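What follows is protein30.cif (mmCIF, C-alpha atoms and all ligand atoms).
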```
data_my_file
loop_
_atom_site.label_atom_id
_atom_site.label_comp_id
_atom_site.auth_asym_id
_atom_site.auth_seq_id
_atom_site.Cartn_x
_atom_site.Cartn_y
_atom_site.Cartn_z
CA MET A 1 -98.51 184.37 2.21
CA SER A 2 -99.26 188.00 1.45
CA LEU A 3 -98.13 191.07 3.31
CA ARG A 4 -101.69 191.47 4.52
CA ASP A 5 -101.56 187.96 6.04
CA VAL A 6 -98.37 188.91 7.87
CA GLY A 7 -100.17 191.94 9.29
CA PHE A 8 -103.16 189.88 10.40
CA TYR A 9 -100.79 187.32 11.92
CA LEU A 10 -98.78 189.85 13.92
CA ARG A 11 -101.94 191.52 15.12
CA GLY A 12 -103.21 188.14 16.30
CA CYS A 13 -99.99 187.36 18.18
CA LEU A 14 -100.08 190.73 19.91
CA ASN A 15 -103.73 190.26 20.79
CA SER A 16 -103.32 186.78 22.31
CA GLY A 17 -100.04 187.64 24.04
CA LEU A 18 -101.39 190.76 25.67
CA THR A 19 -104.58 189.17 26.92
CA TRP A 20 -102.72 186.13 28.22
CA VAL A 21 -100.51 188.39 30.32
CA LEU A 22 -103.42 190.54 31.49
CA ASN A 23 -105.69 187.63 32.32
CA ARG A 24 -103.19 185.64 34.37
CA GLY A 25 -104.46 185.28 37.89
CA GLY A 26 -107.89 186.50 36.82
CA ALA A 27 -111.11 185.55 38.60
CA ALA A 28 -111.92 181.85 38.76
CA ALA A 29 -113.98 180.98 35.71
CA GLU A 30 -117.62 180.03 36.21
CA ALA A 31 -118.15 176.32 35.52
CA PRO A 32 -119.44 175.67 32.01
CA VAL A 33 -123.00 174.35 31.62
CA PRO A 34 -123.00 170.58 30.89
CA LEU A 35 -123.49 170.06 27.13
CA GLU A 36 -126.50 167.75 27.58
CA GLN A 37 -128.18 170.50 29.59
CA VAL A 38 -127.61 172.99 26.74
CA LEU A 39 -129.09 170.51 24.27
CA ALA A 40 -132.14 169.93 26.49
CA GLY A 41 -132.60 173.69 27.05
CA ASP A 42 -135.23 175.96 25.55
CA GLY A 43 -133.17 176.73 22.43
CA SER A 44 -133.09 180.46 23.19
CA PRO A 45 -129.85 182.20 22.29
CA LEU A 46 -129.21 182.86 25.98
CA ALA A 47 -129.45 179.12 26.76
CA LEU A 48 -127.38 178.26 23.67
CA ALA A 49 -124.58 180.58 24.80
CA GLY A 50 -123.80 177.86 27.34
CA LEU A 51 -122.63 175.64 24.50
CA LEU A 52 -119.28 177.44 24.37
CA ALA A 53 -119.00 179.85 27.29
CA GLY A 54 -116.43 178.96 29.93
CA ARG A 55 -114.85 176.14 27.91
CA SER A 56 -111.32 175.83 26.58
CA ASN A 57 -110.79 176.51 22.88
CA GLU A 58 -110.39 172.79 22.28
CA ALA A 59 -113.73 172.08 23.97
CA ARG A 60 -115.39 174.97 22.11
CA GLU A 61 -114.18 173.60 18.79
CA ALA A 62 -115.58 170.18 19.73
CA ALA A 63 -118.91 171.52 21.05
CA VAL A 64 -120.04 173.07 17.74
CA PRO A 65 -119.99 169.83 15.66
CA TRP A 66 -121.28 167.90 18.69
CA TYR A 67 -124.34 170.14 18.83
CA LEU A 68 -124.95 170.05 15.06
CA GLU A 69 -124.66 166.25 15.00
CA ARG A 70 -126.96 165.80 17.94
CA ARG A 71 -129.54 168.09 16.31
CA GLY A 72 -129.22 166.18 13.01
CA VAL A 73 -128.02 169.27 11.12
CA PRO A 74 -125.90 168.50 8.02
CA PHE A 75 -122.67 170.50 8.08
CA ALA A 76 -119.23 170.54 6.49
CA ARG A 77 -115.92 170.51 8.30
CA ARG A 78 -113.21 172.80 6.96
CA PRO A 79 -109.99 172.05 8.85
CA PHE A 80 -106.89 174.11 8.17
CA ARG A 81 -103.26 174.03 9.13
CA SER A 82 -100.38 176.43 8.52
CA PHE A 83 -97.30 177.60 10.38
CA GLU A 84 -99.60 180.08 12.14
CA GLY A 85 -101.67 177.31 13.67
CA ALA A 86 -104.44 174.80 13.03
CA GLY A 87 -108.13 174.62 13.66
CA GLU A 88 -111.48 173.69 12.24
CA ASN A 89 -114.21 175.85 10.70
CA PHE A 90 -117.75 174.50 10.42
CA VAL A 91 -120.21 175.38 7.67
CA VAL A 92 -124.00 174.97 7.57
CA GLU A 93 -125.91 176.00 4.48
CA VAL A 94 -129.66 176.56 4.23
CA GLY A 95 -131.79 177.43 1.20
CA GLU A 96 -131.34 177.39 -2.54
CA GLY A 97 -130.26 179.65 -5.35
CA ASP A 98 -127.01 180.99 -6.66
CA ARG A 99 -126.59 183.97 -4.29
CA VAL A 100 -125.04 183.36 -0.91
CA LEU A 101 -125.20 185.42 2.27
CA VAL A 102 -122.43 184.46 4.71
CA LEU A 103 -123.04 184.95 8.43
CA ILE A 104 -119.95 184.37 10.57
CA ALA A 105 -119.38 183.75 14.27
CA HIS A 106 -116.01 182.63 15.60
CA HIS A 107 -116.04 179.82 18.15
CA ASP A 108 -112.69 180.53 19.84
CA ALA A 109 -111.99 182.86 22.74
CA VAL A 110 -108.91 184.61 24.10
CA PRO A 111 -106.98 182.73 26.79
CA GLY A 112 -108.24 183.37 30.31
CA SER A 113 -111.67 184.64 29.27
CA PRO A 114 -114.92 182.61 29.43
CA GLY A 115 -115.71 184.19 26.05
CA ALA A 116 -119.45 184.60 26.58
CA ASN A 117 -120.05 187.88 24.75
CA ASP A 118 -116.92 187.26 22.66
CA ASN A 119 -118.15 185.13 21.06
CA ALA A 120 -120.38 182.35 22.48
CA ALA A 121 -123.30 184.79 22.23
CA ALA A 122 -122.89 185.23 18.46
CA VAL A 123 -122.57 181.48 17.88
CA ALA A 124 -125.79 181.06 19.89
CA VAL A 125 -127.59 183.72 17.84
CA LEU A 126 -126.66 181.87 14.64
CA LEU A 127 -127.74 178.48 16.05
CA ALA A 128 -131.12 179.95 17.03
CA LEU A 129 -131.39 181.48 13.54
CA LEU A 130 -130.63 178.08 12.07
CA ASP A 131 -133.66 176.66 13.86
CA ARG A 132 -135.91 179.32 12.35
CA LEU A 133 -134.39 178.90 8.88
CA ALA A 134 -134.87 175.13 9.07
CA ARG A 135 -138.58 175.65 9.73
CA ARG A 136 -139.05 178.31 7.05
CA GLY A 137 -136.19 178.36 4.58
CA PRO A 138 -134.81 181.63 3.26
CA ARG A 139 -136.19 182.93 -0.05
CA GLY A 140 -134.05 184.22 -2.87
CA VAL A 141 -130.75 183.63 -1.10
CA ARG A 142 -128.75 180.77 0.33
CA VAL A 143 -127.65 181.41 3.89
CA ARG A 144 -124.25 180.04 4.88
CA LEU A 145 -123.48 179.98 8.59
CA LEU A 146 -119.75 179.88 9.14
CA PHE A 147 -118.36 179.04 12.57
CA THR A 148 -114.70 179.93 12.45
CA ALA A 149 -111.71 178.94 14.55
CA ALA A 150 -108.88 181.21 15.68
CA GLU A 151 -110.44 184.61 15.02
CA GLU A 152 -108.49 185.88 17.99
CA ARG A 153 -105.29 184.96 16.15
CA GLY A 154 -105.57 187.45 13.34
CA TYR A 155 -108.72 185.91 11.76
CA LEU A 156 -106.73 182.78 11.02
CA GLY A 157 -109.75 180.51 10.48
CA ALA A 158 -111.57 183.00 8.27
CA ARG A 159 -108.44 183.63 6.20
CA ALA A 160 -107.97 179.89 5.70
CA TYR A 161 -111.62 179.55 4.68
CA VAL A 162 -111.36 182.40 2.17
CA ARG A 163 -108.31 180.73 0.62
CA GLN A 164 -110.06 177.33 0.40
CA GLU A 165 -113.41 178.33 -1.09
CA ARG A 166 -114.84 179.96 -4.19
CA LEU A 167 -116.51 183.18 -3.20
CA ASP A 168 -117.91 184.37 -6.52
CA ASP A 169 -121.49 183.56 -5.47
CA VAL A 170 -121.18 185.40 -2.13
CA VAL A 171 -123.15 188.67 -2.19
CA GLY A 172 -122.00 189.75 1.25
CA ALA A 173 -120.78 188.66 4.66
CA LEU A 174 -121.46 189.78 8.21
CA SER A 175 -119.29 188.78 11.16
CA LEU A 176 -121.14 188.75 14.47
CA GLU A 177 -119.10 189.95 17.44
CA LEU A 178 -120.19 191.11 20.89
CA CYS A 179 -123.88 190.44 20.30
CA GLY A 180 -125.01 189.99 23.90
CA ILE A 181 -124.98 193.37 25.67
CA GLY A 182 -126.86 196.48 24.59
CA ASP A 183 -129.86 197.82 22.75
CA ALA A 184 -128.54 199.35 19.53
CA LEU A 185 -127.09 197.56 16.53
CA ALA A 186 -123.88 198.63 14.87
CA VAL A 187 -122.81 197.63 11.38
CA TRP A 188 -119.13 198.57 11.22
CA ASP A 189 -116.20 198.86 8.85
CA ALA A 190 -118.69 200.35 6.39
CA PRO A 191 -117.35 202.36 3.42
CA GLU A 192 -118.55 205.92 2.74
CA VAL A 193 -120.40 204.86 -0.39
CA PRO A 194 -122.54 201.84 0.54
CA PRO A 195 -122.43 198.98 -1.96
CA ARG A 196 -125.66 197.18 -2.78
CA PHE A 197 -125.23 194.63 -0.02
CA LEU A 198 -124.82 197.29 2.65
CA GLN A 199 -127.84 199.16 1.27
CA ALA A 200 -129.86 195.94 1.59
CA VAL A 201 -128.67 195.45 5.19
CA ALA A 202 -129.54 199.04 6.19
CA GLY A 203 -132.85 198.86 4.31
CA SER A 204 -133.74 195.67 6.20
CA LEU A 205 -133.09 197.35 9.55
CA ASP A 206 -135.21 200.33 8.44
CA ALA A 207 -137.98 197.92 7.48
CA LEU A 208 -137.77 196.45 10.97
CA GLY A 209 -138.74 199.89 12.30
CA LEU A 210 -135.27 200.68 13.66
CA ARG A 211 -134.16 204.29 13.27
CA ARG A 212 -130.75 204.99 11.84
CA ASP A 213 -128.33 206.54 14.39
CA GLU A 214 -130.64 205.36 17.15
CA GLY A 215 -131.83 201.76 16.82
CA TYR A 216 -128.93 201.04 14.52
CA HIS A 217 -125.70 202.72 13.50
CA VAL A 218 -123.62 202.35 10.37
CA VAL A 219 -120.06 202.96 11.41
CA GLY A 220 -116.94 203.48 9.30
CA ARG A 221 -113.64 201.66 9.46
CA VAL A 222 -112.82 200.88 13.09
CA PRO A 223 -109.13 201.09 14.02
CA VAL A 224 -107.53 198.51 16.35
CA PHE A 225 -110.57 196.24 16.66
CA GLY A 226 -111.51 193.89 13.87
CA SER A 227 -113.23 190.63 13.10
CA ASP A 228 -113.45 187.79 10.58
CA HIS A 229 -115.26 189.88 7.98
CA ARG A 230 -111.93 191.54 7.26
CA ALA A 231 -110.66 188.31 5.72
CA PHE A 232 -113.64 188.41 3.33
CA ALA A 233 -113.24 192.12 2.66
CA ALA A 234 -109.58 191.49 1.76
CA ALA A 235 -110.86 188.98 -0.83
CA GLY A 236 -113.16 191.59 -2.36
CA VAL A 237 -116.45 190.56 -0.71
CA PRO A 238 -118.62 193.32 0.82
CA ALA A 239 -118.22 192.35 4.46
CA TYR A 240 -118.92 194.11 7.76
CA GLY A 241 -119.00 193.55 11.49
CA LEU A 242 -122.34 193.31 13.29
CA THR A 243 -122.39 194.14 17.00
CA VAL A 244 -124.88 195.32 19.58
CA VAL A 245 -123.97 198.18 21.93
CA PRO A 246 -125.73 200.11 24.70
CA LEU A 247 -127.22 203.24 23.09
CA ARG A 248 -126.56 205.28 26.25
CA GLU A 249 -122.84 204.58 25.77
CA ALA A 250 -122.80 205.58 22.09
CA GLU A 251 -120.69 208.71 22.62
CA ALA A 252 -118.21 207.03 25.00
CA LEU A 253 -117.96 204.09 22.58
CA ARG A 254 -117.29 206.39 19.66
CA ARG A 255 -114.43 208.05 21.55
CA PHE A 256 -113.14 204.67 22.69
CA VAL A 257 -113.08 202.80 19.36
CA PHE A 258 -112.09 205.74 17.16
CA ASN A 259 -109.15 206.87 19.23
CA PRO A 260 -106.40 204.36 18.45
CA VAL A 261 -104.03 205.68 21.11
CA ARG A 262 -106.71 205.44 23.76
CA SER A 263 -107.68 202.01 22.48
CA VAL A 264 -104.12 200.70 22.62
CA PHE A 265 -104.15 201.61 26.30
CA ARG A 266 -107.67 200.27 26.50
CA THR A 267 -106.95 198.25 29.59
CA LEU A 268 -105.92 201.37 31.49
CA VAL A 269 -108.80 203.75 30.78
CA ARG A 270 -112.43 203.31 31.74
CA ARG A 271 -113.88 201.00 29.15
CA PRO A 272 -117.54 201.55 28.25
CA PRO A 273 -119.70 198.42 27.99
CA PRO A 274 -119.52 196.06 26.18
CA PHE A 275 -115.72 196.59 26.36
CA GLU A 276 -115.79 196.47 30.16
CA THR A 277 -115.73 192.68 30.01
CA TYR A 278 -114.25 192.21 26.52
CA HIS A 279 -111.24 189.84 26.59
CA THR A 280 -111.33 189.64 30.40
CA PRO A 281 -112.13 186.88 32.91
CA ARG A 282 -115.41 188.73 33.54
CA ASP A 283 -116.85 187.94 30.08
CA ALA A 284 -119.33 185.46 31.62
CA VAL A 285 -122.80 184.26 30.60
CA GLY A 286 -124.28 186.14 33.56
CA THR A 287 -123.50 189.46 31.82
CA LEU A 288 -125.46 188.57 28.66
CA GLU A 289 -128.85 190.19 28.07
CA ALA A 290 -131.59 188.03 26.54
CA ALA A 291 -133.12 191.12 24.89
CA ALA A 292 -129.84 191.97 23.14
CA LEU A 293 -129.54 188.46 21.71
CA GLU A 294 -133.18 188.50 20.54
CA ARG A 295 -132.62 191.89 18.92
CA VAL A 296 -129.72 190.58 16.84
CA GLY A 297 -131.83 187.55 15.89
CA ARG A 298 -134.69 189.75 14.64
CA ALA A 299 -132.20 191.88 12.70
CA LEU A 300 -130.80 188.77 11.01
CA ASP A 301 -134.30 187.57 10.07
CA ALA A 302 -134.89 190.95 8.43
CA ILE A 303 -131.50 190.96 6.71
CA VAL A 304 -131.99 187.43 5.32
CA ALA A 305 -135.39 188.51 3.94
CA GLY A 306 -134.02 191.82 2.64
CA VAL A 307 -130.97 190.36 0.91
CA GLY A 308 -133.21 187.69 -0.66
CA ARG A 309 -135.42 190.31 -2.31
ZN ZN A 401 -114.24 188.15 19.03
#
```
Show how you would write the structure in this file as structure tokens.
Amino acid sequence: MSLRDVGFYLRGCLNSGLTWVLNRGGAAAEAPVPLEQVLAGDGSPLALAGLLAGRSNEAREAAVPWYLERRGVPFARRPFRSFEGAGENFVVEVGEGDRVLVLIAHHDAVPGSPGANDNAAAVAVLLALLDRLARRGPRGVRVRLLFTAAEERGYLGARAYVRQERLDDVVGALSLELCGIGDALAVWDAPEVPPRFLQAVAGSLDALGLRRDEGYHVVGRVPVFGSDHRAFAAAGVPAYGLTVVPLREAEALRRFVFNPVRSVFRTLVRRPPPFETYHTPRDAVGTLEAAALERVGRALDAIVAGVGR
């Protein structure tokens, strides 16, 4: 176990402990949608968000393979266990070739939160993408969808995955977080000098007709917040977060996420959306915006095509 792992671990403990305390006695959770109803739904990301939202972490971890099995999608199970905890990652791979694009969405949530925007929405976006990729496979790149466990515990699932697998064919990774509220995309934890993968991602969003600093933002290293891509970045893979935010809140968000002191006391100050509901009992499916989910889906289609070129 490296020093970096210790850091991730402590951060995870703090994160779960704090939210558990803050969410005690929170609003009664909305009842989760029955799984069969999700399966029989229209397959939109908004409908698919019901697969995980409002369920316990145990039920969320069971719902992902249940859905893949019922849809006849081949997938691999990647269980892990360490003194930090145990869980199961799930991997679906589509396409051929020796270059791999990894798209990540964690399936767990913090205790006391329905975990709709964090992160049932992102899992739903990837499942909807999977449908499109199954109809028309990606060209020039293999797409690996990785559904991780225990992100909220210091990226535990992603760190276990990175330890288990060879990554030398991975050209880049994106971790989807908070993909359900807003109208502007943010690629974050980006370095000053963009490596080829990041150039391909930005170029794909340009090609989609999105304007930089308006339709999409490329944001530097974000203090305090993080996501599974950091486990990949620590292993030397170009890896970033992908989130959607309300453009009208861009300035407030910038102040919020780039001021670590303010962010540490983030439960005490006014939190701009999407952080209003983040890690709270109010993170319910009813707050998700269909247009936001569709926007992330279109961006991923463009990125898959762009990285494959
Ligand atoms: Zn999350």
Which residues of chain A have any atom within 9 Å of an atom in ligand ZN 401 (chain A) when counting all atoms listed in the file, and what is the closest pair of atoms for each, with the distance in Å to one decimal? Order the rows by chain and rising number and write it as a Markdown table.
```
| residue | atom | partner | partner_atom | distance |
| --- | --- | --- | --- | --- |
| A:Ala105 | CA | A:ZN401 | ZN | 8.3 |
| A:His106 | CA | A:ZN401 | ZN | 6.7 |
| A:His107 | CA | A:ZN401 | ZN | 8.6 |
| A:Asp108 | CA | A:ZN401 | ZN | 7.8 |
| A:Ala109 | CA | A:ZN401 | ZN | 6.8 |
| A:Val110 | CA | A:ZN401 | ZN | 8.2 |
| A:Gly115 | CA | A:ZN401 | ZN | 8.2 |
| A:Asn117 | CA | A:ZN401 | ZN | 8.2 |
| A:Asp118 | CA | A:ZN401 | ZN | 4.6 |
| A:Asn119 | CA | A:ZN401 | ZN | 5.3 |
| A:Glu151 | CA | A:ZN401 | ZN | 6.6 |
| A:Glu152 | CA | A:ZN401 | ZN | 6.3 |
| A:Leu176 | CA | A:ZN401 | ZN | 8.3 |
| A:Glu177 | CA | A:ZN401 | ZN | 5.4 |
| A:Leu178 | CA | A:ZN401 | ZN | 6.9 |
| A:Gly226 | CA | A:ZN401 | ZN | 8.2 |
| A:Ser227 | CA | A:ZN401 | ZN | 6.5 |
| A:Asp228 | CA | A:ZN401 | ZN | 8.5 |
| A:Tyr278 | CA | A:ZN401 | ZN | 8.5 |
| A:His279 | CA | A:ZN401 | ZN | 8.3 |
```
Of the residues A:Asp213, A:Asp131, A:Glu251, A:Glu84, which is the one nearest to Gly157 (chain A), using all atoms listed in the file?
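Answer, going by the shortest atom-to-atom distance: A:Glu84.
Neighbours of Val285 (chain A) closer than or equal to 9 Å, with all atoms listed in the file counted and sequence neighbours fewer than 2 positions away skipped, come out as Glu30, Leu46, Ala49, Gly50, Ala53, Gly54, Pro114, Gly115, Ala116, Asn117, Ala120, Ala121, Asp283, Thr287, Leu288 and Glu289 of chain A.
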Pairwise distance for CA of Ala202 (chain A) and CA of Ser175 (chain A), rounded to one decimal in Å
15.3 Å
Length of the CA of Gly172 (chain A) to CA of Gly308 (chain A) vector [Å]:
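CA of Gly308 (chain A) lies at a distance of 11.6 Å from CA of Gly172 (chain A).
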